[in-house]
Structure formats: C-alpha cells, structure tokens
Amino acid sequence: MEMLISKEYILPNPNKKELKSNGFRHNKLIGDSEGDFYSIRFPVLQYHKTTTVDGEIIIDLNSGNVKINAYSYGTNGCYPPFYQKNCSKVYEPIIKKINASFHTMFRKIGIKKTEESK
C-alpha cells in the first residue's frame, strides 16, 4: 500500500491567486521571514455523512514544496494510521480512501511527486 506521507511533492510555479481560488488560505502559524505558506484542510474520510478525518495540504509559495497531514476531525491530533509504515490490515481500506482524497486534490491543484519520490 502506498504511503503518501513518505513521498515528496511539489506544485510547479505556485501563485497566490490560484491557491486562493482553490480554497487555500495564508497560514500565519507556520509562515515566517523564510517562507510564505498557504494551506487547506478538507474532509478525506466520512462515516454516515460525518467527517471523521481531515486532510491538510501546505504549500510553500516560494519553493512550491508540499507537505501533507491527516487529522482526526475537529482536532489538531494526527490520525496515527496515516503515518504508520506497517499499519494493521484493518486500516488498509481506510488509508486507501484517504489516499484517494489526497490524489483528487493533487490532480485538481496540479501537485506532482518530485523526481526523487517516483
């Protein structure tokens, strides 16, 4: 099973206007004099129409580097199975759904794997 978190991603030629039109917001929490970051949180897993896991994509506007995270809904607590290299087979269908949601956003925005991650 593919571990998205272990790969590196990039958004070629990122621009503020396009990111904002796709729902991204300036992330003041991680921005500093070295970087200008934009992020979006979106539902990646639902149970009976209720979001249970959020995905987050963070893009460095200067370099185009992308980081991703998965959180238990409504918290800043990471969703542990997303980060585990050898998670239980019970979680495989869940992780596949989470990965599919990230891939959908990647295609929509134009995010690609770096050459080193292929």
# chains A, B, ... in the order shown; residues from 1 in each chain; ligands from 1
>>> select_by_dssp(residues="region 8-89 of chain A", states="strand (DSSP E or B)", output="JSON, numbers by chain")
{"A": [9, 10, 25, 26, 32, 35, 37, 38, 39, 40, 41, 42, 43, 44, 45, 46, 47, 50, 51, 52, 53, 54, 55, 56, 57, 58, 59, 60, 65, 66, 67, 68, 69, 70, 71, 72, 78]}
>>> select_by_dssp(residues="chain A", states="alpha helix (DSSP H)", output="list in words")
Lys16, Lys17, Glu18, Leu19, Lys20, Ser21, Pro80, Pro81, Phe82, Tyr83, Glu92, Pro93, Ile94, Ile95, Lys96, Lys97, Ile98, Asn99, Ala100, Ser101, Phe102, His103, Thr104, Met105, Phe106, Arg107, Lys108 and Ile109 of chain A
>>> residues_around(residues="region 87-101 of chain A", least_positions_apart="4", cutoff="10 Å", atoms="only C-alpha atoms", output="PyMOL selection string")
chain A and resi 1-5+42-46+53-55+70+80-83+105-106
>>> write_last_selection(atoms="C-alpha atoms", output="CSV table (one decimal), in the first residue's frame")
chain,number,residue,atom,x,y,z
A,1,MET,CA,0.0,0.0,0.0
A,2,GLU,CA,1.3,3.4,-0.9
A,3,MET,CA,2.4,5.7,1.9
A,4,LEU,CA,1.7,9.2,0.7
A,5,ILE,CA,3.4,10.8,3.8
A,42,PHE,CA,-10.6,19.2,3.6
A,43,PRO,CA,-12.5,16.1,4.5
A,44,VAL,CA,-10.7,12.9,3.4
A,45,LEU,CA,-12.9,10.3,5.2
A,46,GLN,CA,-16.5,10.3,6.2
A,53,VAL,CA,-10.6,12.5,9.2
A,54,ASP,CA,-9.4,15.8,7.7
A,55,GLY,CA,-6.6,16.2,5.2
A,70,ALA,CA,-4.2,13.8,8.2
A,80,PRO,CA,-2.0,7.7,13.5
A,81,PRO,CA,-2.7,5.0,10.9
A,82,PHE,CA,-1.9,7.5,8.1
A,83,TYR,CA,1.7,7.9,9.5
A,105,MET,CA,-6.8,17.3,-4.6
A,106,PHE,CA,-3.4,16.8,-6.1
>>> residues_around(residues="Lys112 (chain A)", least_positions_apart="4", cutoff="10 Å", atoms="only C-alpha atoms", output="PDB file with C-alpha atoms, in the first residue's frame")
ATOM      1  CA  GLU A   8       7.842  14.386  -1.552  1.00  0.00           C
ATOM      2  CA  TYR A   9       5.560  16.614  -3.604  1.00  0.00           C
ATOM      3  CA  ILE A  10       5.826  19.913  -5.430  1.00  0.00           C
ATOM      4  CA  LEU A  11       3.495  22.413  -7.021  1.00  0.00           C
ATOM      5  CA  PRO A  12       5.295  23.858 -10.043  1.00  0.00           C
ATOM      6  CA  ASN A  65       7.272  22.314  -1.781  1.00  0.00           C
ATOM      7  CA  VAL A  66       4.211  20.499  -0.452  1.00  0.00           C
ATOM      8  CA  HIS A 103      -4.855  12.262  -5.086  1.00  0.00           C
ATOM      9  CA  PHE A 106      -3.385  16.799  -6.135  1.00  0.00           C
ATOM     10  CA  ARG A 107      -4.892  16.465  -9.626  1.00  0.00           C
ATOM     11  CA  SER A 117       9.858  10.201  -4.893  1.00  0.00           C
ATOM     12  CA  LYS A 118       8.927   8.375  -8.085  1.00  0.00           C
TER      13      LYS A 118
END
>>> atom_distance(atom1="CA of Asn69 (chain A)", atom2="CA of Phe102 (chain A)")
9.9 Å
>>> atom_distance(atom1="CA of Gly74 (chain A)", atom2="CA of Ile40 (chain A)")
14.0 Å
>>> residues_around(residues="Arg41 (chain A)", least_positions_apart="6", cutoff="9 Å", atoms="only C-alpha atoms", output="mmCIF file with N, CA and C atoms, in the first residue's frame")
data_model
loop_
_atom_site.group_PDB
_atom_site.id
_atom_site.type_symbol
_atom_site.label_atom_id
_atom_site.label_comp_id
_atom_site.auth_asym_id
_atom_site.auth_seq_id
_atom_site.Cartn_x
_atom_site.Cartn_y
_atom_site.Cartn_z
ATOM 1 N N GLY A 23 -9.368 27.534 -2.562
ATOM 2 C CA GLY A 23 -9.720 27.406 -1.157
ATOM 3 C C GLY A 23 -8.579 27.486 -0.172
ATOM 4 N N PHE A 24 -7.361 27.715 -0.650
ATOM 5 C CA PHE A 24 -6.215 27.830 0.243
ATOM 6 C C PHE A 24 -6.239 29.180 0.946
ATOM 7 N N ASP A 54 -9.710 14.696 8.557
ATOM 8 C CA ASP A 54 -9.391 15.846 7.707
ATOM 9 C C ASP A 54 -8.030 15.652 7.080
ATOM 10 N N GLY A 55 -7.881 16.111 5.850
ATOM 11 C CA GLY A 55 -6.571 16.169 5.225
ATOM 12 C C GLY A 55 -6.108 17.609 5.196
ATOM 13 N N GLU A 56 -4.802 17.802 5.193
ATOM 14 C CA GLU A 56 -4.244 19.149 5.092
ATOM 15 C C GLU A 56 -3.131 19.137 4.064
ATOM 16 N N ILE A 57 -3.146 20.123 3.199
ATOM 17 C CA ILE A 57 -2.071 20.331 2.235
ATOM 18 C C ILE A 57 -1.484 21.705 2.523
ATOM 19 N N ILE A 58 -0.169 21.756 2.687
ATOM 20 C CA ILE A 58 0.542 23.003 2.942
ATOM 21 C C ILE A 58 1.525 23.220 1.800
#
